[in-house]
Amino acid sequence: MPPLRAANLLATLEGSRLHSADCAHWQRWGPYLSERQWGTVREDYSPDGTAWDSFPHDHARSRAYRWGEDGIAGFGDDKLSWCVSLALWNRKDPILKERLFGLTNAQGNHGEDVKELYFYVDGTPTHSYMRMLYKYPIAAFPYDDLVQENGRRGADMPEYEILDTGVFDDCCYFDVQVEYAKHAPDDILMRVTINNRADQAASLDVLPQIWARNSWSWKENKDKPSLTAGTDHNGNAQLVGHQHGHDPIVVTAWSKDAPQVDWLFCENDTNVKRLFNMDTPGPFKDGFNDYLVHGDEHAVRRDKGTKAGAHASIELGPHGRAVVYMRWRPQSSPDDVLLDADAVFAHRIAEADEFYGALQHEIADPDARLVQRQALAGMLWSKQYYQYDVQRWLDGDPLQPAPPASRKKGRNTDWRHLCNADIVSMPDKWEYPWYASWDLAFHAAAFALIDPAFAKRQLLLLVKDRYQHPNGQIPAYEWALGDANPPVHAWAAWRVYEIDRALTGKADRDFLELVFHKLLLNFSWWVNRKDADGHNIFQGGFLGLDNVGIFDRSSPLPTGGHIDQADGTAWMAAYALDLMRIALELAYANHVFVDIGVKFFEHFLYIAEAVSCDDGCDTGLWDSEDEFFYDKLRLPDGSNVPLRLRSIVGLIPLFAVHVLEQRLHGGLPGLRERLTWFLEHRPDLARLVSRWNEPGKSNALLLSLLRGHRMKALLRRALDESEFLSDHGVRALSRVHRDQPFVFNHNGDSFTVKYLPAESDSRVFGGNSNWRGPVWMPMNYLLIESLYEFHRYYGDDFRVEYPTGSGQKFSLSEIADELARRCTTLFLKNKDGERPVMGAYPLLQADPHSRDLVLFHEYFHGDNGRGVGASHQTGWSGLVALLLQPRAMGASGNVPLTGEGDQAPIPTAPNAQVATPACPTEAAPAATPEPAPALVTAVSK
């Protein structure tokens with residue numbers, strides 16, 4: 001089968017648009033609103049930092065946001081100067097449905113949780129076409145029932161979901177499909193299609209909305225935007241929007257299925273009368289709500305405001321259908337009154353089909369194509385304008401009350417330099433509407449499959465001066481910018497570089513070098529801050545694994561002392577290898593990088609020596625009796641205790657692996673001599689390099705924390721169905737702890753960890769965090785990659801039993817293939833026509849209108865694959881898009897993607913200059929060297 005080449009995608013209309021000089025113009029408008037701005041740290045100005053309580057859902061409809069906006073199916077420009085979303089009212093709800101509802105961290109029996117049904121169905125990277133679906137009950141939305149019943153349930157009980165309330169029984173709901181299509185980059189159509197799925201007639205008020213983000217309430221002398229009612233030269237109703245520094249826009253709305261479409265206006269200002277009992281005249285932000293729900297004529301205006309809604313009153317018969325349109329465009333553009341909106345949508349849909357047809361031309365299974373396309377749609381919909389100026393947030397705004405004094409010593413006070421105002425990929429725009437650095441790394445890898453330029457911009461963002469701390473730390477997430485996420489940025493940069501090269505045929509070494517220089521600072525931060533004893537054994541703390549251990553690793557331990565972490569140390573070993581790999585790639589164009597590449601080669605060996613030494617040494621984390629890596633608790637009296645809990649922590653050392661091939665790197669001046677000298681003078685470290693003086697397959701050196709025996713020992717656990725291996729991937733905790741919980745006793749206190757396949761039964765770590773059993777896509781993806789990399793060295797003759805105890809042996813590449821298959825079965829229909837991930841949605845799986853809708857959860861039930869946690873964490877679960885791609889362009893496997901792979905030597909210097917793909921970042925280079933033949937190899941199916 002031929003490798004996937006750039007021409008497949010770039011020859012499409014969307015692909016050529018994406019790589020044109022006009023790409024940035026096309027991407028200026030997109031789905032950039034949050035789905036939850038309330039309850040975020042940015043909007044929290046309370047004295048005690050209680051974000052959920054200081055700005056609750058009940059305030060959201062009435063209170064102007066400082067740092068962003070939210071809405072259903074939100075769309076906006078890349079600074080949210082103008083925002084668009086949808087509001088609905090079924091004439092039974094106590095409030096207008098303007099935003100998605102969910103429970104706060106304290107209300108949910110497993111933490112915060114959105115309680116709505118909505119799906120990202122389609123989208124293109126330039127956002128020329130986008131589609132999502134929202135399911136709205138015909139009966140009153142069960143707000144109180146959801147809060148009260150979840151509040152009654154304990155952490156040991158299942159969550160009470162909206163399907164459990166009965167409001168969707170007998171298909172008594174509206175399917176509300178929201179689509180956007182760009183007639184031109186800034187001439188945009190919104191189409192709202194409502195289908196009544198019930199056997200009864202139903203009424204619905206539909207309000208496409210457009211408004212200006214409130215920027216005038218915070219700064220002095222800030223011009224206030226306006227939306228003003230008027231008519232065009234043919235007498236048709238339209239709005240004209242004015243905003244300082246922007247071209248005026250014209251907005252129209254219409255529907256053949258409503259008697260008329262009326263424009264309502266209010267101001268995007270806080271209702272200080274409702275919230276603070278201040279006698280100030282309106283109308284306010286909640287004007288549409290008060291007008292429709294409470295009949296208050298004074299809550300709206302008919303002529304102007306900063307927020308406008310096109311009100312269509314729809315009456316639908318049984319299984320009836322209605323469509324409402326809205327369009328906005330620059331006032332300076334031609335007034336094409338004869339524009340056929342449906343023809344524009346049909347044209348953009350055809351382009352989207354062409355684009356994904358080119359991407360998926362080797363995927364034979366139509367269900368796999370559907371899943372991959374929805375996974376990528378979810379990632380595209382999860383872009384968000386994210387603004388957070390920590391200094392302004394700490395000090396307050398001139399026109400607002402000063403923040404409490406406690407803020408000066410509270411959250412994020414040592415991150416005053418951080419000033420974010422960018423389009424960023426979110427983990428989940430409702431549950432996690434803020435970036436997380438290691439989430440973003442996985443997002444970028446998957447984004448690179450369809451938009452490598454955006455993926456590169458994302459990775460460059462986090463190392464910009466206004467993001468990265470002056471000390472080199474990369475921000476974690478807004479709740480605690482100073483927390484440590486696993487250092488996977490270098491891995492992501494390399495992966496995106498490879499995918500970009502495979503798609504475009506161009507090696508963007510300038511991007512790689514930009515990231516590399518900033519990651520040198522970050523690596524130094526880790527070495528200086530997270531190696532408590534200076535022994536190349538790392539701590540790291542939280543590292544994203546909330547409940548995988550017995551202690552909260554980001555807090556002082558109840559025992560005192562600290563934990564030497566197997567995962568923290570393994571991440572750093574992998575980090576060193578990734579930086580070495582990047583340095584050697586850069587050395588093809590500039591031989592100076594050979595020196596720094598050797599430095600990271602040596603640093604890796606120092607870490608490998610420390611972590612892998614046998615029992616009895618002071619630093620080692622390998623347990624020769626259990627043949628597993630364990631964290632080690634170092635107590636204040638100098639003693640240490642291995643924490644023999646079998647979790648994903650002990651498998652992460654598999655991720656630190658790289659094959660250094662003489663065939664590829666032998667031409668780099670001085671490299672072989674430097675490596676040989678070091679290994680000859682440090683025989684104690686040389687023994688860690690597999691047969692370094694007896695090169696193996698392809699004349700290669702294997703750099704790994706594990707020699708063959710230990711690697712097999714870890715795989716014996718990982719591939720054991722009674723321990724880590726489930727039908728749908730590798731679990732985060734060994735299932736052996738279901739019947740044999742791990743118990744640690746100290747000074748009369750007992751700490752216990754038990755295997756739990758899904759939701760946590762403990763609130764010790766807060767929120768819905770729980771890694772005590774579920775399958776987690778990023779960990780599986782990295783494990784699959786690692787097996788392919790090991791296979792590059794060992795080849796087909798090195799075989800491992802799979803599953804453990806089966807008596808069947810396979811090559812590491814074959815096992816990686818099989819693990820990838822298991823992970824994809826989470827989303828694909830099984831023999832009964834059901835998708836394991838949708839196990840909590842039986843009504844949807846039985847509904848012909850819903851059975852092809854897929855959610856991409858945060859993690860998955862360790863025994864049956866049911867989706868658990870955040871329901872739209874498409875970013876890292878979107879890695880399934882790479883696993884579904886034949887010759888998937890994200891994993892270092894065994895099939896070259898471009899060029900002739902093994903047949904072509906890498907030159908020692910570039911021989912040409914080529915143009916960089918368009919749609920550059922502000923820091924993107926103008927040109928890049930001609931690439932060496934790619935080594936990207938794939939998750940092969």
# chains A, B, ... in the order shown; residues from 1 in each chain; ligands from 1

call {"tool": "select_by_dssp", "arguments": {"residues": "region 329-562 of chain A", "states": "helix (DSSP H, G or I)", "output": "number ranges by chain"}}
result
A: 341-359, 366-381, 390-395, 405-409, 437-447, 452-461, 489-504, 509-529

call {"tool": "write_last_selection", "arguments": {"atoms": "C-alpha atoms", "output": "mmCIF file, in the first residue's frame"}}
result
data_model
loop_
_atom_site.group_PDB
_atom_site.id
_atom_site.type_symbol
_atom_site.label_atom_id
_atom_site.label_comp_id
_atom_site.auth_asym_id
_atom_site.auth_seq_id
_atom_site.Cartn_x
_atom_site.Cartn_y
_atom_site.Cartn_z
ATOM 1 C CA ALA A 341 -28.011 30.068 1.388
ATOM 2 C CA ASP A 342 -28.717 26.377 0.953
ATOM 3 C CA ALA A 343 -26.526 26.295 -2.160
ATOM 4 C CA VAL A 344 -23.650 27.780 -0.132
ATOM 5 C CA PHE A 345 -24.092 25.075 2.481
ATOM 6 C CA ALA A 346 -24.248 22.348 -0.150
ATOM 7 C CA HIS A 347 -21.063 23.659 -1.743
ATOM 8 C CA ARG A 348 -19.133 23.749 1.557
ATOM 9 C CA ILE A 349 -20.398 20.309 2.586
ATOM 10 C CA ALA A 350 -19.178 18.909 -0.733
ATOM 11 C CA GLU A 351 -15.763 20.467 -0.058
ATOM 12 C CA ALA A 352 -15.676 18.901 3.404
ATOM 13 C CA ASP A 353 -16.574 15.516 1.922
ATOM 14 C CA GLU A 354 -13.799 15.895 -0.645
ATOM 15 C CA PHE A 355 -11.258 16.816 2.051
ATOM 16 C CA TYR A 356 -12.086 13.887 4.325
ATOM 17 C CA GLY A 357 -12.419 11.587 1.333
ATOM 18 C CA ALA A 358 -8.786 12.337 0.492
ATOM 19 C CA LEU A 359 -7.708 11.815 4.098
ATOM 20 C CA PRO A 366 -17.377 3.346 6.723
ATOM 21 C CA ASP A 367 -17.914 3.252 10.488
ATOM 22 C CA ALA A 368 -14.217 3.931 11.081
ATOM 23 C CA ARG A 369 -14.456 6.873 8.680
ATOM 24 C CA LEU A 370 -17.448 8.204 10.603
ATOM 25 C CA VAL A 371 -15.673 7.910 13.960
ATOM 26 C CA GLN A 372 -12.488 9.539 12.713
ATOM 27 C CA ARG A 373 -14.374 12.431 11.153
ATOM 28 C CA GLN A 374 -16.357 13.086 14.324
ATOM 29 C CA ALA A 375 -13.211 12.878 16.441
ATOM 30 C CA LEU A 376 -11.578 15.536 14.277
ATOM 31 C CA ALA A 377 -14.783 17.593 14.257
ATOM 32 C CA GLY A 378 -14.738 17.574 18.040
ATOM 33 C CA MET A 379 -11.195 18.882 18.048
ATOM 34 C CA LEU A 380 -12.089 21.653 15.610
ATOM 35 C CA TRP A 381 -15.124 22.671 17.682
ATOM 36 C CA VAL A 390 -2.735 37.503 35.352
ATOM 37 C CA GLN A 391 -1.374 40.916 36.350
ATOM 38 C CA ARG A 392 -4.635 42.652 35.454
ATOM 39 C CA TRP A 393 -6.578 39.839 37.117
ATOM 40 C CA LEU A 394 -4.575 40.205 40.334
ATOM 41 C CA ASP A 395 -4.600 44.006 40.440
ATOM 42 C CA ALA A 405 -6.249 41.733 49.494
ATOM 43 C CA SER A 406 -6.056 37.932 49.864
ATOM 44 C CA ARG A 407 -5.658 37.669 46.102
ATOM 45 C CA LYS A 408 -2.109 39.038 46.370
ATOM 46 C CA LYS A 409 -1.073 35.867 48.200
ATOM 47 C CA SER A 437 -0.055 21.973 28.760
ATOM 48 C CA TRP A 438 0.155 18.211 28.399
ATOM 49 C CA ASP A 439 -3.358 17.903 27.026
ATOM 50 C CA LEU A 440 -2.379 20.427 24.394
ATOM 51 C CA ALA A 441 0.614 18.322 23.372
ATOM 52 C CA PHE A 442 -1.659 15.389 22.514
ATOM 53 C CA HIS A 443 -4.132 17.716 20.801
ATOM 54 C CA ALA A 444 -1.370 19.040 18.568
ATOM 55 C CA ALA A 445 -0.348 15.557 17.473
ATOM 56 C CA ALA A 446 -3.892 14.761 16.353
ATOM 57 C CA PHE A 447 -4.477 18.234 14.842
ATOM 58 C CA PRO A 452 -0.161 20.947 10.870
ATOM 59 C CA ALA A 453 0.276 24.736 10.753
ATOM 60 C CA PHE A 454 -2.260 25.151 13.573
ATOM 61 C CA ALA A 455 -0.621 22.307 15.500
ATOM 62 C CA LYS A 456 2.741 24.059 15.288
ATOM 63 C CA ARG A 457 1.229 27.359 16.418
ATOM 64 C CA GLN A 458 -0.247 25.648 19.459
ATOM 65 C CA LEU A 459 3.090 24.224 20.544
ATOM 66 C CA LEU A 460 4.848 27.535 19.960
ATOM 67 C CA LEU A 461 2.247 29.345 22.080
ATOM 68 C CA HIS A 489 6.141 19.081 24.734
ATOM 69 C CA ALA A 490 9.302 17.861 23.019
ATOM 70 C CA TRP A 491 7.584 14.599 22.074
ATOM 71 C CA ALA A 492 4.680 16.567 20.574
ATOM 72 C CA ALA A 493 6.979 18.945 18.695
ATOM 73 C CA TRP A 494 8.788 16.012 17.107
ATOM 74 C CA ARG A 495 5.562 14.216 16.284
ATOM 75 C CA VAL A 496 4.018 17.326 14.683
ATOM 76 C CA TYR A 497 7.238 17.943 12.770
ATOM 77 C CA GLU A 498 7.105 14.424 11.349
ATOM 78 C CA ILE A 499 3.437 14.606 10.404
ATOM 79 C CA ASP A 500 3.873 18.033 8.852
ATOM 80 C CA ARG A 501 6.793 16.751 6.798
ATOM 81 C CA ALA A 502 4.765 13.751 5.668
ATOM 82 C CA LEU A 503 1.812 15.908 4.616
ATOM 83 C CA THR A 504 3.648 18.782 2.979
ATOM 84 C CA ARG A 509 13.368 22.788 10.944
ATOM 85 C CA ASP A 510 12.906 26.457 11.832
ATOM 86 C CA PHE A 511 9.801 25.495 13.812
ATOM 87 C CA LEU A 512 11.722 22.661 15.435
ATOM 88 C CA GLU A 513 14.589 24.962 16.383
ATOM 89 C CA LEU A 514 12.268 27.614 17.829
ATOM 90 C CA VAL A 515 10.658 25.052 20.110
ATOM 91 C CA PHE A 516 13.963 23.386 20.925
ATOM 92 C CA HIS A 517 15.642 26.504 22.300
ATOM 93 C CA LYS A 518 12.753 27.186 24.694
ATOM 94 C CA LEU A 519 12.576 23.551 25.756
ATOM 95 C CA LEU A 520 16.211 23.706 26.807
ATOM 96 C CA LEU A 521 15.075 26.198 29.455
ATOM 97 C CA ASN A 522 12.213 23.949 30.477
ATOM 98 C CA PHE A 523 14.438 20.877 30.760
ATOM 99 C CA SER A 524 16.771 22.870 33.008
ATOM 100 C CA TRP A 525 13.805 23.892 35.153
ATOM 101 C CA TRP A 526 12.921 20.226 35.668
ATOM 102 C CA VAL A 527 16.481 19.281 36.531
ATOM 103 C CA ASN A 528 16.844 22.154 38.986
ATOM 104 C CA ARG A 529 13.393 22.048 40.594
#

call {"tool": "residues_around", "arguments": {"residues": "Val293 (chain A)", "least_positions_apart": "6", "cutoff": "10 Å", "atoms": "only C-alpha atoms", "output": "list in words"}}
result
Trp89, Asn90, Arg91, Lys92, Asp93, Pro94, Ile95, Leu96 and Gly287 of chain A

call {"tool": "write_last_selection", "arguments": {"atoms": "N, CA and C atoms", "output": "short mmCIF file (atom, residue, chain, number, x, y, z; two decimals), in the first residue's frame"}}
result
data_model
loop_
_atom_site.label_atom_id
_atom_site.label_comp_id
_atom_site.auth_asym_id
_atom_site.auth_seq_id
_atom_site.Cartn_x
_atom_site.Cartn_y
_atom_site.Cartn_z
N TRP A 89 -36.06 28.36 23.63
CA TRP A 89 -36.99 28.27 24.76
C TRP A 89 -38.16 27.38 24.35
N ASN A 90 -38.38 26.31 25.11
CA ASN A 90 -39.47 25.38 24.82
C ASN A 90 -40.78 25.80 25.46
N ARG A 91 -40.82 27.03 26.02
CA ARG A 91 -42.00 27.62 26.64
C ARG A 91 -42.43 26.91 27.92
N LYS A 92 -41.52 26.11 28.46
CA LYS A 92 -41.76 25.44 29.74
C LYS A 92 -40.63 25.68 30.72
N ASP A 93 -39.44 25.94 30.23
CA ASP A 93 -38.28 26.12 31.10
C ASP A 93 -38.38 27.40 31.92
N PRO A 94 -37.78 27.42 33.10
CA PRO A 94 -37.78 28.63 33.92
C PRO A 94 -36.80 29.68 33.42
N ILE A 95 -35.89 29.29 32.53
CA ILE A 95 -34.93 30.25 31.96
C ILE A 95 -34.74 29.95 30.48
N LEU A 96 -34.33 30.96 29.76
CA LEU A 96 -33.97 30.79 28.36
C LEU A 96 -32.73 29.91 28.27
N GLY A 287 -31.90 40.36 29.08
CA GLY A 287 -33.14 40.95 28.56
C GLY A 287 -33.98 39.98 27.77
#

call {"tool": "closest_residue", "arguments": {"among": "A:Ala308, A:Val240, A:Leu635, A:Leu418", "to": "Ser332 (chain A)", "atoms": "only C-alpha atoms"}}
result
A:Val240

call {"tool": "select_by_dssp", "arguments": {"residues": "region 129-211 of chain A", "states": "strand (DSSP E or B)", "output": "number ranges by chain"}}
result
A: 129-137, 173-184, 187-196, 202-211

call {"tool": "closest_residue", "arguments": {"among": "A:Glu267, A:Glu661, A:Glu179, A:Glu315", "to": "Val300 (chain A)", "atoms": "only C-alpha atoms"}}
result
A:Glu267

call {"tool": "residues_around", "arguments": {"residues": "region 410-416 of chain A", "least_positions_apart": "3", "cutoff": "12 Å", "atoms": "only C-alpha atoms", "output": "ChimeraX atom specification"}}
result
/A:41-42,44-51,388-395,403-407,419-420,465-483

call {"tool": "write_last_selection", "arguments": {"atoms": "C-alpha atoms", "output": "compact mmCIF listing (two decimals), in the first residue's frame"}}
result
# COMPACT_ATOMS: atom_id res chain seq x y z
CA VAL A 41 -10.65 30.97 37.68
CA ARG A 42 -10.53 33.93 35.30
CA ASP A 44 -13.33 34.47 40.08
CA TYR A 45 -12.81 37.62 42.15
CA SER A 46 -13.75 36.09 45.50
CA PRO A 47 -11.56 36.48 48.60
CA ASP A 48 -11.19 32.73 49.07
CA GLY A 49 -10.72 31.60 45.44
CA THR A 50 -13.95 29.60 45.21
CA ALA A 51 -14.43 29.89 41.46
CA TYR A 388 -6.08 35.67 30.90
CA ASP A 389 -3.86 38.59 31.90
CA VAL A 390 -2.74 37.50 35.35
CA GLN A 391 -1.37 40.92 36.35
CA ARG A 392 -4.64 42.65 35.45
CA TRP A 393 -6.58 39.84 37.12
CA LEU A 394 -4.57 40.20 40.33
CA ASP A 395 -4.60 44.01 40.44
CA PRO A 403 -9.92 42.58 44.23
CA PRO A 404 -9.65 41.40 47.83
CA ALA A 405 -6.25 41.73 49.49
CA SER A 406 -6.06 37.93 49.86
CA ARG A 407 -5.66 37.67 46.10
CA CYS A 419 -0.76 37.27 29.41
CA ASN A 420 -2.79 34.97 27.15
CA ASP A 465 7.56 34.70 26.70
CA ARG A 466 4.04 35.63 27.73
CA TYR A 467 3.24 31.98 28.50
CA GLN A 468 6.43 30.25 29.63
CA HIS A 469 7.71 31.39 33.02
CA PRO A 470 11.04 33.25 33.06
CA ASN A 471 12.44 30.32 35.04
CA GLY A 472 11.60 27.95 32.17
CA GLN A 473 8.43 26.32 33.53
CA ILE A 474 5.56 25.78 31.11
CA PRO A 475 2.15 26.77 32.56
CA ALA A 476 0.03 23.82 33.61
CA TYR A 477 -3.58 25.12 33.76
CA GLU A 478 -5.37 28.12 35.21
CA TRP A 479 -6.33 26.48 38.53
CA ALA A 480 -2.63 26.16 39.34
CA LEU A 481 -0.31 27.47 36.66
CA GLY A 482 2.67 26.30 38.70
CA ASP A 483 1.68 22.64 38.83

call {"tool": "atom_distance", "arguments": {"atom1": "CA of Asn236 (chain A)", "atom2": "CA of Ala253 (chain A)"}}
result
10.0 Å

call {"tool": "closest_residue", "arguments": {"among": "A:Thr569, A:Ser877, A:Gln808, A:Gln331", "to": "Met779 (chain A)", "atoms": "only C-alpha atoms"}}
result
A:Ser877

call {"tool": "residues_around", "arguments": {"residues": "His737 (chain A)", "least_positions_apart": "2", "cutoff": "12 Å", "atoms": "only C-alpha atoms", "output": "PyMOL selection string"}}
result
chain A and resi 548+644-647+722-724+731-735+739-743+752-757+772-773

call {"tool": "closest_residue", "arguments": {"among": "A:Gly666, A:Pro142, A:Gly729, A:Gly396", "to": "Leu783 (chain A)", "atoms": "only C-alpha atoms"}}
result
A:Gly729

call {"tool": "residues_around", "arguments": {"residues": "Arg28 (chain A)", "least_positions_apart": "6", "cutoff": "10 Å", "atoms": "only C-alpha atoms", "output": "list in words"}}
result
Gly76, Asp77, Asp78, Lys79, Thr126, His127, Pro185, Asp186 and Ile423 of chain A

call {"tool": "residues_around", "arguments": {"residues": "Ser813 (chain A)", "least_positions_apart": "2", "cutoff": "10 Å", "atoms": "only C-alpha atoms", "output": "list in words"}}
result
Ile784, Glu785, Ser786, Leu787, Tyr788, Glu789, Phe790, His791, Arg792, Tyr794, Gly795, Asp796, Phe798, Arg799, Phe810, Ser811, Ile815, Ala816, Asp817, Glu818, Leu819, Gly893, Asn894, Val939 and Ser940 of chain A

call {"tool": "write_last_selection", "arguments": {"atoms": "N, CA and C atoms", "output": "CSV table (one decimal), in the first residue's frame"}}
result
chain,number,residue,atom,x,y,z
A,784,ILE,N,1.7,2.2,22.6
A,784,ILE,CA,1.7,1.7,21.2
A,784,ILE,C,2.9,2.2,20.4
A,785,GLU,N,3.2,3.5,20.5
A,785,GLU,CA,4.3,4.1,19.9
A,785,GLU,C,5.6,3.4,20.3
A,786,SER,N,5.7,3.2,21.6
A,786,SER,CA,7.0,2.7,22.2
A,786,SER,C,7.2,1.3,21.7
A,787,LEU,N,6.1,0.5,21.6
A,787,LEU,CA,6.3,-0.9,21.1
A,787,LEU,C,6.8,-0.9,19.6
A,788,TYR,N,6.3,0.0,18.8
A,788,TYR,CA,6.8,0.1,17.5
A,788,TYR,C,8.3,0.5,17.5
A,789,GLU,N,8.7,1.4,18.4
A,789,GLU,CA,10.0,1.8,18.4
A,789,GLU,C,10.9,0.7,18.9
A,790,PHE,N,10.5,-0.1,19.9
A,790,PHE,CA,11.3,-1.3,20.3
A,790,PHE,C,11.4,-2.2,19.1
A,791,HIS,N,10.3,-2.4,18.3
A,791,HIS,CA,10.4,-3.3,17.2
A,791,HIS,C,11.4,-2.9,16.1
A,792,ARG,N,11.6,-1.6,16.0
A,792,ARG,CA,12.6,-1.1,15.0
A,792,ARG,C,14.0,-1.7,15.3
A,794,TYR,N,14.5,-4.6,17.6
A,794,TYR,CA,14.5,-6.0,17.8
A,794,TYR,C,14.0,-6.8,16.6
A,795,GLY,N,13.2,-6.2,15.8
A,795,GLY,CA,12.7,-6.9,14.6
A,795,GLY,C,11.7,-7.9,14.9
A,796,ASP,N,11.3,-8.7,13.9
A,796,ASP,CA,10.3,-9.7,14.0
A,796,ASP,C,10.6,-10.9,14.8
A,798,PHE,N,12.1,-11.1,17.7
A,798,PHE,CA,11.9,-10.9,19.1
A,798,PHE,C,10.4,-11.0,19.3
A,799,ARG,N,9.9,-12.0,20.1
A,799,ARG,CA,8.5,-12.2,20.2
A,799,ARG,C,8.1,-12.3,21.7
A,810,PHE,N,3.9,-13.0,19.6
A,810,PHE,CA,3.8,-12.1,18.5
A,810,PHE,C,5.0,-11.2,18.5
A,811,SER,N,5.3,-10.5,17.4
A,811,SER,CA,6.3,-9.5,17.4
A,811,SER,C,5.8,-8.2,18.1
A,815,ILE,N,1.9,-6.8,18.3
A,815,ILE,CA,1.2,-6.4,19.5
A,815,ILE,C,0.8,-5.0,19.5
A,816,ALA,N,1.6,-4.1,19.0
A,816,ALA,CA,1.2,-2.7,18.9
A,816,ALA,C,0.0,-2.5,18.0
A,817,ASP,N,-0.1,-3.2,16.9
A,817,ASP,CA,-1.2,-3.2,16.0
A,817,ASP,C,-2.5,-3.7,16.8
A,818,GLU,N,-2.3,-4.7,17.6
A,818,GLU,CA,-3.5,-5.3,18.3
A,818,GLU,C,-3.9,-4.3,19.4
A,819,LEU,N,-3.0,-3.7,20.1
A,819,LEU,CA,-3.4,-2.7,21.1
A,819,LEU,C,-4.1,-1.5,20.5
A,893,GLY,N,6.3,3.8,14.2
A,893,GLY,CA,6.1,2.4,14.0
A,893,GLY,C,7.0,1.9,12.9
A,894,ASN,N,6.6,1.1,12.0
A,894,ASN,CA,7.5,0.4,11.1
A,894,ASN,C,7.2,0.6,9.7
A,939,VAL,N,1.1,3.6,13.1
A,939,VAL,CA,0.2,2.6,13.6
A,939,VAL,C,-0.4,1.9,12.4
A,940,SER,N,0.1,0.8,12.0
A,940,SER,CA,-0.3,0.1,10.8
A,940,SER,C,-1.5,-0.8,11.2

call {"tool": "residues_around", "arguments": {"residues": "Leu207 (chain A)", "least_positions_apart": "2", "cutoff": "8 Å", "atoms": "only C-alpha atoms", "output": "list in words"}}
result
Leu86, Ala87, Leu88, Asp205, Gln209, Gly309, Ala310, His311 and Ala312 of chain A

call {"tool": "write_last_selection", "arguments": {"atoms": "C-alpha atoms", "output": "short mmCIF file (atom, residue, chain, number, x, y, z; two decimals), in the first residue's frame"}}
result
data_model
loop_
_atom_site.label_atom_id
_atom_site.label_comp_id
_atom_site.auth_asym_id
_atom_site.auth_seq_id
_atom_site.Cartn_x
_atom_site.Cartn_y
_atom_site.Cartn_z
CA LEU A 86 -28.04 30.07 19.70
CA ALA A 87 -30.73 30.52 22.33
CA LEU A 88 -33.85 28.35 22.65
CA ASP A 205 -38.75 29.96 20.32
CA GLN A 209 -27.87 35.85 18.69
CA GLY A 309 -31.42 38.24 18.82
CA ALA A 310 -33.43 37.19 15.79
CA HIS A 311 -36.60 35.86 17.43
CA ALA A 312 -38.51 33.22 15.45
#

call {"tool": "closest_residue", "arguments": {"among": "A:Arg213, A:Lys829, A:His246, A:Arg738", "to": "Asp365 (chain A)", "atoms": "only C-alpha atoms"}}
result
A:Lys829

call {"tool": "closest_residue", "arguments": {"among": "A:Gln387, A:Thr825, A:Ser762, A:Asn221", "to": "Met157 (chain A)", "atoms": "only C-alpha atoms"}}
result
A:Ser762

call {"tool": "atom_distance", "arguments": {"atom1": "CA of Ala299 (chain A)", "atom2": "CA of Gln400 (chain A)"}}
result
24.3 Å

call {"tool": "decode", "arguments": {"residues": "region 697-708 of chain A", "atoms": "C-alpha atoms", "output": "PDB file, in the first residue's frame"}}
result
ATOM      1  CA  LYS A 697      19.055  -4.573  13.360  1.00  0.00           C
ATOM      2  CA  SER A 698      19.764  -1.822  10.821  1.00  0.00           C
ATOM      3  CA  ASN A 699      23.106  -1.082  12.511  1.00  0.00           C
ATOM      4  CA  ALA A 700      21.325   0.629  15.392  1.00  0.00           C
ATOM      5  CA  LEU A 701      21.741   1.431  19.074  1.00  0.00           C
ATOM      6  CA  LEU A 702      18.809   0.953  21.442  1.00  0.00           C
ATOM      7  CA  LEU A 703      18.420   3.653  24.078  1.00  0.00           C
ATOM      8  CA  SER A 704      15.888   2.528  26.676  1.00  0.00           C
ATOM      9  CA  LEU A 705      15.363   2.339  30.416  1.00  0.00           C
ATOM     10  CA  LEU A 706      14.777  -1.366  29.851  1.00  0.00           C
ATOM     11  CA  ARG A 707      16.899  -4.181  28.520  1.00  0.00           C
ATOM     12  CA  GLY A 708      15.144  -7.100  26.880  1.00  0.00           C
TER      13      GLY A 708
END
